[in-house]
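Raw data_27.pdb, PDB, C-alpha atoms:
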ATOM      1  CA  MET A   1     124.487 -38.874-101.609  1.00  0.00           C
ATOM      2  CA  SER A   2     125.799 -39.732 -98.181  1.00  0.00           C
ATOM      3  CA  ALA A   3     129.554 -39.415 -97.875  1.00  0.00           C
ATOM      4  CA  VAL A   4     129.572 -41.454 -94.654  1.00  0.00           C
ATOM      5  CA  ARG A   5     126.908 -43.667 -93.122  1.00  0.00           C
ATOM      6  CA  ALA A   6     126.880 -45.834 -90.007  1.00  0.00           C
ATOM      7  CA  ARG A   7     124.227 -48.159 -88.607  1.00  0.00           C
ATOM      8  CA  GLY A   8     124.313 -49.611 -85.106  1.00  0.00           C
ATOM      9  CA  LEU A   9     127.993 -48.726 -84.889  1.00  0.00           C
ATOM     10  CA  THR A  10     129.522 -50.196 -81.743  1.00  0.00           C
ATOM     11  CA  LYS A  11     133.016 -50.451 -80.275  1.00  0.00           C
ATOM     12  CA  THR A  12     133.642 -52.214 -76.982  1.00  0.00           C
ATOM     13  CA  HIS A  13     136.732 -52.932 -74.918  1.00  0.00           C
ATOM     14  CA  GLY A  14     137.029 -55.805 -72.473  1.00  0.00           C
ATOM     15  CA  HIS A  15     134.627 -58.658 -71.814  1.00  0.00           C
ATOM     16  CA  GLY A  16     131.809 -59.596 -69.486  1.00  0.00           C
ATOM     17  CA  GLN A  17     131.240 -57.262 -66.556  1.00  0.00           C
ATOM     18  CA  SER A  18     134.394 -55.323 -67.428  1.00  0.00           C
ATOM     19  CA  ARG A  19     133.130 -54.506 -70.933  1.00  0.00           C
ATOM     20  CA  VAL A  20     133.203 -50.794 -71.761  1.00  0.00           C
ATOM     21  CA  TYR A  21     131.282 -49.249 -74.658  1.00  0.00           C
ATOM     22  CA  ALA A  22     133.453 -46.641 -76.383  1.00  0.00           C
ATOM     23  CA  VAL A  23     130.768 -46.232 -79.073  1.00  0.00           C
ATOM     24  CA  ASP A  24     127.326 -47.599 -78.293  1.00  0.00           C
ATOM     25  CA  GLU A  25     125.103 -48.516 -81.284  1.00  0.00           C
ATOM     26  CA  VAL A  26     125.065 -45.126 -82.975  1.00  0.00           C
ATOM     27  CA  ASP A  27     123.456 -44.306 -86.302  1.00  0.00           C
ATOM     28  CA  LEU A  28     124.923 -41.543 -88.444  1.00  0.00           C
ATOM     29  CA  GLU A  29     124.495 -40.159 -91.933  1.00  0.00           C
ATOM     30  CA  VAL A  30     126.708 -37.338 -93.234  1.00  0.00           C
ATOM     31  CA  PRO A  31     125.587 -35.897 -96.578  1.00  0.00           C
ATOM     32  CA  GLN A  32     128.188 -34.991 -99.144  1.00  0.00           C
ATOM     33  CA  GLY A  33     129.354 -31.410 -98.640  1.00  0.00           C
ATOM     34  CA  GLN A  34     128.370 -31.159 -94.975  1.00  0.00           C
ATOM     35  CA  MET A  35     130.704 -29.944 -92.236  1.00  0.00           C
ATOM     36  CA  LEU A  36     129.874 -31.878 -89.062  1.00  0.00           C
ATOM     37  CA  ALA A  37     131.349 -31.112 -85.642  1.00  0.00           C
ATOM     38  CA  VAL A  38     131.340 -33.682 -82.827  1.00  0.00           C
ATOM     39  CA  MET A  39     131.746 -32.501 -79.231  1.00  0.00           C
ATOM     40  CA  GLY A  40     131.676 -34.096 -75.805  1.00  0.00           C
ATOM     41  CA  PRO A  41     133.763 -34.657 -72.673  1.00  0.00           C
ATOM     42  CA  SER A  42     137.085 -36.502 -72.807  1.00  0.00           C
ATOM     43  CA  GLY A  43     136.565 -40.247 -73.030  1.00  0.00           C
ATOM     44  CA  CYS A  44     133.052 -40.013 -74.481  1.00  0.00           C
ATOM     45  CA  GLY A  45     134.005 -41.848 -77.682  1.00  0.00           C
ATOM     46  CA  LYS A  46     134.543 -38.959 -80.126  1.00  0.00           C
ATOM     47  CA  SER A  47     137.950 -40.030 -81.399  1.00  0.00           C
ATOM     48  CA  THR A  48     136.944 -43.689 -81.489  1.00  0.00           C
ATOM     49  CA  LEU A  49     133.948 -42.737 -83.636  1.00  0.00           C
ATOM     50  CA  LEU A  50     136.236 -40.900 -86.046  1.00  0.00           C
ATOM     51  CA  HIS A  51     138.621 -43.853 -86.237  1.00  0.00           C
ATOM     52  CA  LEU A  52     135.750 -46.239 -86.949  1.00  0.00           C
ATOM     53  CA  LEU A  53     134.369 -44.012 -89.709  1.00  0.00           C
ATOM     54  CA  GLY A  54     137.788 -43.792 -91.347  1.00  0.00           C
ATOM     55  CA  GLY A  55     138.678 -47.455 -91.024  1.00  0.00           C
ATOM     56  CA  LEU A  56     141.515 -46.927 -88.545  1.00  0.00           C
ATOM     57  CA  GLU A  57     139.711 -49.232 -86.103  1.00  0.00           C
ATOM     58  CA  ARG A  58     137.366 -52.158 -86.652  1.00  0.00           C
ATOM     59  CA  PRO A  59     133.904 -51.962 -85.053  1.00  0.00           C
ATOM     60  CA  THR A  60     132.700 -54.593 -82.626  1.00  0.00           C
ATOM     61  CA  GLY A  61     129.271 -54.383 -84.249  1.00  0.00           C
ATOM     62  CA  GLY A  62     127.301 -52.430 -86.821  1.00  0.00           C
ATOM     63  CA  GLU A  63     128.142 -51.164 -90.288  1.00  0.00           C
ATOM     64  CA  VAL A  64     130.183 -48.327 -91.819  1.00  0.00           C
ATOM     65  CA  TRP A  65     129.732 -47.093 -95.393  1.00  0.00           C
ATOM     66  CA  VAL A  66     131.961 -44.602 -97.231  1.00  0.00           C
ATOM     67  CA  ALA A  67     130.967 -43.336-100.674  1.00  0.00           C
ATOM     68  CA  GLY A  68     128.253 -45.973-100.883  1.00  0.00           C
ATOM     69  CA  ARG A  69     130.611 -48.859-100.128  1.00  0.00           C
ATOM     70  CA  ARG A  70     130.546 -50.892 -96.953  1.00  0.00           C
ATOM     71  CA  VAL A  71     134.042 -50.748 -95.471  1.00  0.00           C
ATOM     72  CA  ASP A  72     133.910 -52.562 -92.106  1.00  0.00           C
ATOM     73  CA  THR A  73     133.952 -55.934 -93.897  1.00  0.00           C
ATOM     74  CA  LEU A  74     136.908 -55.142 -96.167  1.00  0.00           C
ATOM     75  CA  SER A  75     140.212 -56.982 -95.945  1.00  0.00           C
ATOM     76  CA  GLU A  76     143.135 -55.080 -94.456  1.00  0.00           C
ATOM     77  CA  ARG A  77     144.592 -54.472 -97.918  1.00  0.00           C
ATOM     78  CA  ALA A  78     141.295 -53.214 -99.347  1.00  0.00           C
ATOM     79  CA  LEU A  79     140.717 -51.090 -96.249  1.00  0.00           C
ATOM     80  CA  ALA A  80     144.129 -49.443 -96.629  1.00  0.00           C
ATOM     81  CA  ARG A  81     143.346 -48.746-100.282  1.00  0.00           C
ATOM     82  CA  MET A  82     140.001 -47.200 -99.321  1.00  0.00           C
ATOM     83  CA  ARG A  83     141.678 -44.939 -96.745  1.00  0.00           C
ATOM     84  CA  ARG A  84     144.235 -43.732 -99.276  1.00  0.00           C
ATOM     85  CA  ARG A  85     141.629 -42.946-101.921  1.00  0.00           C
ATOM     86  CA  SER A  86     138.505 -41.830-100.057  1.00  0.00           C
ATOM     87  CA  VAL A  87     139.507 -40.482 -96.626  1.00  0.00           C
ATOM     88  CA  GLY A  88     141.868 -37.733 -95.517  1.00  0.00           C
ATOM     89  CA  PHE A  89     142.972 -37.612 -91.865  1.00  0.00           C
ATOM     90  CA  ILE A  90     144.049 -34.558 -89.853  1.00  0.00           C
ATOM     91  CA  PHE A  91     145.327 -35.031 -86.293  1.00  0.00           C
ATOM     92  CA  GLN A  92     145.995 -32.704 -83.373  1.00  0.00           C
ATOM     93  CA  ALA A  93     149.635 -33.834 -83.222  1.00  0.00           C
ATOM     94  CA  PHE A  94     150.114 -33.274 -87.000  1.00  0.00           C
ATOM     95  CA  HIS A  95     151.924 -36.635 -87.511  1.00  0.00           C
ATOM     96  CA  LEU A  96     154.261 -35.223 -90.136  1.00  0.00           C
ATOM     97  CA  VAL A  97     157.404 -37.147 -91.060  1.00  0.00           C
ATOM     98  CA  GLU A  98     160.140 -35.042 -89.474  1.00  0.00           C
ATOM     99  CA  GLU A  99     162.829 -36.090 -91.970  1.00  0.00           C
ATOM    100  CA  LEU A 100     160.752 -34.972 -94.958  1.00  0.00           C
ATOM    101  CA  SER A 101     160.143 -31.448 -96.224  1.00  0.00           C
ATOM    102  CA  ALA A 102     156.666 -29.941 -96.289  1.00  0.00           C
ATOM    103  CA  ALA A 103     156.330 -30.803 -99.991  1.00  0.00           C
ATOM    104  CA  GLU A 104     157.565 -34.358 -99.457  1.00  0.00           C
ATOM    105  CA  ASN A 105     155.055 -34.871 -96.622  1.00  0.00           C
ATOM    106  CA  VAL A 106     152.224 -33.751 -98.890  1.00  0.00           C
ATOM    107  CA  GLU A 107     153.494 -35.939-101.745  1.00  0.00           C
ATOM    108  CA  LEU A 108     153.540 -39.090 -99.649  1.00  0.00           C
ATOM    109  CA  PRO A 109     149.842 -40.132 -99.887  1.00  0.00           C
ATOM    110  CA  ALA A 110     149.839 -39.615-103.659  1.00  0.00           C
ATOM    111  CA  LEU A 111     152.972 -41.743-104.046  1.00  0.00           C
ATOM    112  CA  LEU A 112     151.449 -44.490-101.892  1.00  0.00           C
ATOM    113  CA  ALA A 113     148.346 -44.377-104.095  1.00  0.00           C
ATOM    114  CA  GLY A 114     150.477 -45.057-107.173  1.00  0.00           C
ATOM    115  CA  ARG A 115     150.923 -41.600-108.696  1.00  0.00           C
ATOM    116  CA  SER A 116     154.205 -40.753-110.380  1.00  0.00           C
ATOM    117  CA  ARG A 117     156.657 -38.537-108.536  1.00  0.00           C
ATOM    118  CA  ARG A 118     156.011 -35.751-111.036  1.00  0.00           C
ATOM    119  CA  GLN A 119     152.242 -35.981-110.497  1.00  0.00           C
ATOM    120  CA  ALA A 120     152.687 -36.106-106.719  1.00  0.00           C
ATOM    121  CA  ARG A 121     154.966 -33.066-106.709  1.00  0.00           C
ATOM    122  CA  ARG A 122     152.619 -31.075-108.937  1.00  0.00           C
ATOM    123  CA  ARG A 123     149.718 -31.866-106.596  1.00  0.00           C
ATOM    124  CA  ALA A 124     151.808 -30.974-103.525  1.00  0.00           C
ATOM    125  CA  ASP A 125     152.780 -27.636-105.032  1.00  0.00           C
ATOM    126  CA  GLN A 126     149.108 -26.866-105.781  1.00  0.00           C
ATOM    127  CA  LEU A 127     147.987 -27.758-102.270  1.00  0.00           C
ATOM    128  CA  LEU A 128     150.766 -25.896-100.468  1.00  0.00           C
ATOM    129  CA  ASP A 129     149.881 -22.832-102.500  1.00  0.00           C
ATOM    130  CA  ARG A 130     146.224 -23.339-101.563  1.00  0.00           C
ATOM    131  CA  VAL A 131     147.035 -23.333 -97.832  1.00  0.00           C
ATOM    132  CA  GLY A 132     149.405 -20.377 -98.170  1.00  0.00           C
ATOM    133  CA  LEU A 133     152.695 -22.240 -97.753  1.00  0.00           C
ATOM    134  CA  ALA A 134     154.165 -22.269-101.265  1.00  0.00           C
ATOM    135  CA  ASP A 135     157.233 -20.483 -99.908  1.00  0.00           C
ATOM    136  CA  ARG A 136     157.747 -23.147 -97.208  1.00  0.00           C
ATOM    137  CA  ALA A 137     157.700 -26.190 -99.500  1.00  0.00           C
ATOM    138  CA  GLY A 138     161.347 -27.059 -98.807  1.00  0.00           C
ATOM    139  CA  HIS A 139     161.203 -26.539 -95.049  1.00  0.00           C
ATOM    140  CA  LEU A 140     161.296 -29.400 -92.542  1.00  0.00           C
ATOM    141  CA  PRO A 141     158.463 -29.603 -89.972  1.00  0.00           C
ATOM    142  CA  SER A 142     160.895 -28.460 -87.266  1.00  0.00           C
ATOM    143  CA  GLN A 143     161.360 -25.213 -89.204  1.00  0.00           C
ATOM    144  CA  LEU A 144     157.619 -24.453 -89.250  1.00  0.00           C
ATOM    145  CA  SER A 145     155.277 -22.995 -86.643  1.00  0.00           C
ATOM    146  CA  GLY A 146     152.446 -25.078 -85.206  1.00  0.00           C
ATOM    147  CA  GLY A 147     149.916 -23.394 -87.452  1.00  0.00           C
ATOM    148  CA  GLN A 148     152.089 -23.951 -90.505  1.00  0.00           C
ATOM    149  CA  ARG A 149     152.568 -27.624 -89.630  1.00  0.00           C
ATOM    150  CA  GLN A 150     148.816 -28.055 -89.340  1.00  0.00           C
ATOM    151  CA  ARG A 151     148.328 -26.434 -92.729  1.00  0.00           C
ATOM    152  CA  VAL A 152     150.854 -28.902 -94.190  1.00  0.00           C
ATOM    153  CA  ALA A 153     148.863 -31.706 -92.551  1.00  0.00           C
ATOM    154  CA  ILE A 154     145.675 -30.378 -94.154  1.00  0.00           C
ATOM    155  CA  ALA A 155     147.370 -30.246 -97.553  1.00  0.00           C
ATOM    156  CA  ARG A 156     148.559 -33.830 -97.060  1.00  0.00           C
ATOM    157  CA  ALA A 157     145.005 -34.928 -96.172  1.00  0.00           C
ATOM    158  CA  LEU A 158     143.802 -33.507 -99.506  1.00  0.00           C
ATOM    159  CA  ALA A 159     146.528 -35.061-101.645  1.00  0.00           C
ATOM    160  CA  ASN A 160     144.281 -37.747-103.160  1.00  0.00           C
ATOM    161  CA  ASP A 161     141.093 -35.648-103.381  1.00  0.00           C
ATOM    162  CA  PRO A 162     139.306 -37.667-100.673  1.00  0.00           C
ATOM    163  CA  LEU A 163     135.538 -37.727-100.468  1.00  0.00           C
ATOM    164  CA  VAL A 164     135.653 -37.031 -96.735  1.00  0.00           C
ATOM    165  CA  VAL A 165     138.154 -35.374 -94.393  1.00  0.00           C
ATOM    166  CA  LEU A 166     138.208 -36.550 -90.767  1.00  0.00           C
ATOM    167  CA  ALA A 167     139.857 -34.157 -88.312  1.00  0.00           C
ATOM    168  CA  ASP A 168     140.604 -35.060 -84.685  1.00  0.00           C
ATOM    169  CA  GLU A 169     141.088 -31.902 -82.580  1.00  0.00           C
ATOM    170  CA  PRO A 170     142.778 -30.154 -85.528  1.00  0.00           C
ATOM    171  CA  THR A 171     143.157 -26.850 -83.655  1.00  0.00           C
ATOM    172  CA  GLY A 172     143.887 -28.243 -80.196  1.00  0.00           C
ATOM    173  CA  ASN A 173     147.567 -27.230 -80.240  1.00  0.00           C
ATOM    174  CA  LEU A 174     147.083 -23.887 -82.000  1.00  0.00           C
ATOM    175  CA  ASP A 175     146.667 -20.311 -80.824  1.00  0.00           C
ATOM    176  CA  SER A 176     143.671 -18.237 -81.921  1.00  0.00           C
ATOM    177  CA  ALA A 177     145.340 -16.759 -85.004  1.00  0.00           C
ATOM    178  CA  ALA A 178     146.483 -20.169 -86.272  1.00  0.00           C
ATOM    179  CA  THR A 179     143.075 -21.673 -85.477  1.00  0.00           C
ATOM    180  CA  LEU A 180     141.464 -18.938 -87.543  1.00  0.00           C
ATOM    181  CA  ASP A 181     143.750 -19.774 -90.478  1.00  0.00           C
ATOM    182  CA  VAL A 182     142.737 -23.451 -90.275  1.00  0.00           C
ATOM    183  CA  LEU A 183     139.029 -22.616 -90.072  1.00  0.00           C
ATOM    184  CA  ARG A 184     139.300 -20.387 -93.126  1.00  0.00           C
ATOM    185  CA  ILE A 185     140.720 -23.349 -95.043  1.00  0.00           C
ATOM    186  CA  PHE A 186     137.869 -25.544 -93.790  1.00  0.00           C
ATOM    187  CA  GLU A 187     135.382 -22.914 -94.940  1.00  0.00           C
ATOM    188  CA  GLU A 188     136.937 -22.961 -98.405  1.00  0.00           C
ATOM    189  CA  LEU A 189     136.779 -26.755 -98.504  1.00  0.00           C
ATOM    190  CA  ARG A 190     133.139 -26.783 -97.501  1.00  0.00           C
ATOM    191  CA  ALA A 191     132.318 -24.134-100.115  1.00  0.00           C
ATOM    192  CA  ALA A 192     133.946 -26.398-102.706  1.00  0.00           C
ATOM    193  CA  GLY A 193     131.709 -29.318-101.664  1.00  0.00           C
ATOM    194  CA  GLN A 194     134.162 -31.133 -99.383  1.00  0.00           C
ATOM    195  CA  THR A 195     132.718 -33.281 -96.572  1.00  0.00           C
ATOM    196  CA  LEU A 196     134.311 -32.704 -93.152  1.00  0.00           C
ATOM    197  CA  VAL A 197     133.813 -34.451 -89.813  1.00  0.00           C
ATOM    198  CA  ILE A 198     135.621 -32.585 -87.031  1.00  0.00           C
ATOM    199  CA  VAL A 199     136.059 -33.734 -83.437  1.00  0.00           C
ATOM    200  CA  THR A 200     136.692 -30.715 -81.215  1.00  0.00           C
ATOM    201  CA  HIS A 201     136.546 -29.359 -77.679  1.00  0.00           C
ATOM    202  CA  ASP A 202     136.459 -25.778 -78.990  1.00  0.00           C
ATOM    203  CA  GLU A 203     132.963 -24.303 -79.147  1.00  0.00           C
ATOM    204  CA  ARG A 204     134.232 -21.647 -81.569  1.00  0.00           C
ATOM    205  CA  VAL A 205     135.259 -24.358 -84.012  1.00  0.00           C
ATOM    206  CA  ALA A 206     131.924 -26.148 -83.593  1.00  0.00           C
ATOM    207  CA  ALA A 207     130.078 -22.879 -84.213  1.00  0.00           C
ATOM    208  CA  THR A 208     131.364 -22.800 -87.791  1.00  0.00           C
ATOM    209  CA  ALA A 209     129.893 -26.217 -88.690  1.00  0.00           C
ATOM    210  CA  ASP A 210     126.654 -27.007 -90.494  1.00  0.00           C
ATOM    211  CA  ARG A 211     125.738 -29.521 -87.831  1.00  0.00           C
ATOM    212  CA  LEU A 212     126.757 -30.366 -84.264  1.00  0.00           C
ATOM    213  CA  ILE A 213     126.509 -33.754 -82.580  1.00  0.00           C
ATOM    214  CA  SER A 214     127.091 -34.005 -78.833  1.00  0.00           C
ATOM    215  CA  MET A 215     128.351 -37.304 -77.410  1.00  0.00           C
ATOM    216  CA  ARG A 216     128.331 -38.752 -73.926  1.00  0.00           C
ATOM    217  CA  ASP A 217     129.207 -42.269 -72.797  1.00  0.00           C
ATOM    218  CA  GLY A 218     129.565 -43.471 -76.366  1.00  0.00           C
ATOM    219  CA  MET A 219     126.133 -42.286 -77.478  1.00  0.00           C
ATOM    220  CA  PHE A 220     124.713 -39.296 -79.332  1.00  0.00           C
ATOM    221  CA  VAL A 221     122.748 -37.102 -76.941  1.00  0.00           C
ATOM    222  CA  ASP A 222     122.017 -34.211 -79.299  1.00  0.00           C
ATOM    223  CA  ASP A 223     122.090 -33.587 -83.054  1.00  0.00           C
ATOM    224  CA  THR A 224     121.599 -29.945 -84.074  1.00  0.00           C
ATOM    225  CA  LEU A 225     121.659 -28.075 -87.363  1.00  0.00           C
ATOM    226  CA  MET A 226     123.842 -24.993 -87.045  1.00  0.00           C
ATOM    227  CA  ALA A 227     123.936 -21.619 -88.760  1.00  0.00           C
ATOM    228  CA  GLY A 228     127.443 -22.273 -90.095  1.00  0.00           C
ATOM    229  CA  ALA A 229     129.947 -19.436 -90.366  1.00  0.00           C
ATOM    230  CA  HIS A 230     129.611 -16.556 -87.915  1.00  0.00           C
ATOM    231  CA  PRO A 231     127.467 -13.792 -89.467  1.00  0.00           C
ATOM    232  CA  ARG A 232     130.196 -11.207 -88.867  1.00  0.00           C
ATOM    233  CA  GLY A 233     132.937 -13.488 -90.159  1.00  0.00           C
ATOM    234  CA  LEU A 234     135.195 -16.094 -88.562  1.00  0.00           C
ATOM    235  CA  GLY A 235     137.429 -13.456 -87.030  1.00  0.00           C
ATOM    236  CA  ALA A 236     134.572 -12.282 -84.809  1.00  0.00           C
ATOM    237  CA  LEU A 237     134.580 -15.677 -83.046  1.00  0.00           C
ATOM    238  CA  PHE A 238     138.155 -15.069 -81.907  1.00  0.00           C
ATOM    239  CA  GLY A 239     138.107 -11.345 -81.284  1.00  0.00           C
ATOM    240  CA  LEU A 240     140.218 -10.926 -84.419  1.00  0.00           C
ATOM    241  CA  GLU A 241     139.510  -9.102 -87.618  1.00  0.00           C
ATOM    242  CA  GLY A 242     137.884 -11.388 -90.233  1.00  0.00           C
TER     243      GLY A 242
END

Can the structure in the file be given as structure tokens, please?
Amino acid sequence: MSAVRARGLTKTHGHGQSRVYAVDEVDLEVPQGQMLAVMGPSGCGKSTLLHLLGGLERPTGGEVWVAGRRVDTLSERALARMRRRSVGFIFQAFHLVEELSAAENVELPALLAGRSRRQARRRADQLLDRVGLADRAGHLPSQLSGGQRQRVAIARALANDPLVVLADEPTGNLDSAATLDVLRIFEELRAAGQTLVIVTHDERVAATADRLISMRDGMFVDDTLMAGAHPRGLGALFGLEG
């Protein structure tokens, strides 16, 4: 089954001669369980593509399907419900709520999806343990390192067991050691059958994916199957012990 599918996906800005194609009639199919990396120069449409796939932006043309359901025609309320249930987002800037603890940040999507506070807290505790931050559950984001904040953001993205996780430059603000920690979590997610679409400038991150798409001027210029994890372990990509 395809986790995400797009046909003729287009996003333009402006009108007439000033019209700019951020995404230009691309077709995409991401099978369930695949880790896809998308690379390209700044302004090529990578982040816009991710936002269109996750329903954060509406396309100008074309279709988007998530879990077999067309989502670009949904109402705003139905689209928000789809995002909460089927898509997890991870951003470069973390986007954690500064006034909430790590556990409360992870609880938030589950509460918005209608789970009880007890259910949300139990899920948050499980996820923080999974990303190695059980002992930081009560800490505010300001009390955490960049790598720890990103791991909280990953846990939050998984709160509702989404079919697909969309990550926009998830290691862009991290040093090599923290990036390695994040990639190890991604490897575990992929091994468990999670679908990931990752926008990145880092060739080391892209090298861990099953598949790499290169973008330029809003279009796909290359689509390559990759070997996946480095044969000598992730640490070898960063000059660190795996």

I'd like a table as JSON lines: residues in segment 25-58 of chain A with an atom no more than 9 Å from segment 142-165 of chain A, each row giving the shortest atom pair and its distance in Å to one decimal, all atoms listed in the file counted, sorted by chain and rising residue number.
{"residue": "A:Gln32", "atom": "CA", "partner": "A:Leu163", "partner_atom": "CA", "distance": 8.0}
{"residue": "A:Gly33", "atom": "CA", "partner": "A:Val164", "partner_atom": "CA", "distance": 8.7}
{"residue": "A:Gly54", "atom": "CA", "partner": "A:Val164", "partner_atom": "CA", "distance": 8.9}

Could the residues in this selection be written to a file with C-alpha atoms, as a tab-separated table (two decimals), in the frame of the given file?
chain	number	residue	atom	x	y	z
A	32	GLN	CA	128.19	-34.99	-99.14
A	33	GLY	CA	129.35	-31.41	-98.64
A	54	GLY	CA	137.79	-43.79	-91.35

Could you work out how far atom CA of Leu166 of chain A lies from atom CA of Gly55 of chain A, giving the answer in Å with one decimal?
-> 10.9 Å

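For the atom pair formed by atom CA of Arg211 of chain A and atom CA of Asp27 of chain A, the distance is 15.0 Å, given to one decimal.
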
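For the file at hand, the PyMOL selection byres ((chain A and resi 198) around 8) resolves to Met35, Leu36, Ala37, Val38, Leu166, Ala167, Asp168, Glu169, Pro170, Leu196, Val197, Val199 and Thr200 of chain A.
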
Would you mind listing what lies within 9 Å of Glu107 of chain A as a PyMOL selection string, with only C-alpha atoms counted and same-chain residues fewer than 2 positions away left out?
-> chain A and resi 102-105+109-112+117+119-125+156+159

Choose the residue, out of A:Leu96, A:Met39, A:Leu225, A:Val64, that has the smallest atom-to-atom separation from Val26 of chain A; count only C-alpha atoms.
-> A:Val64
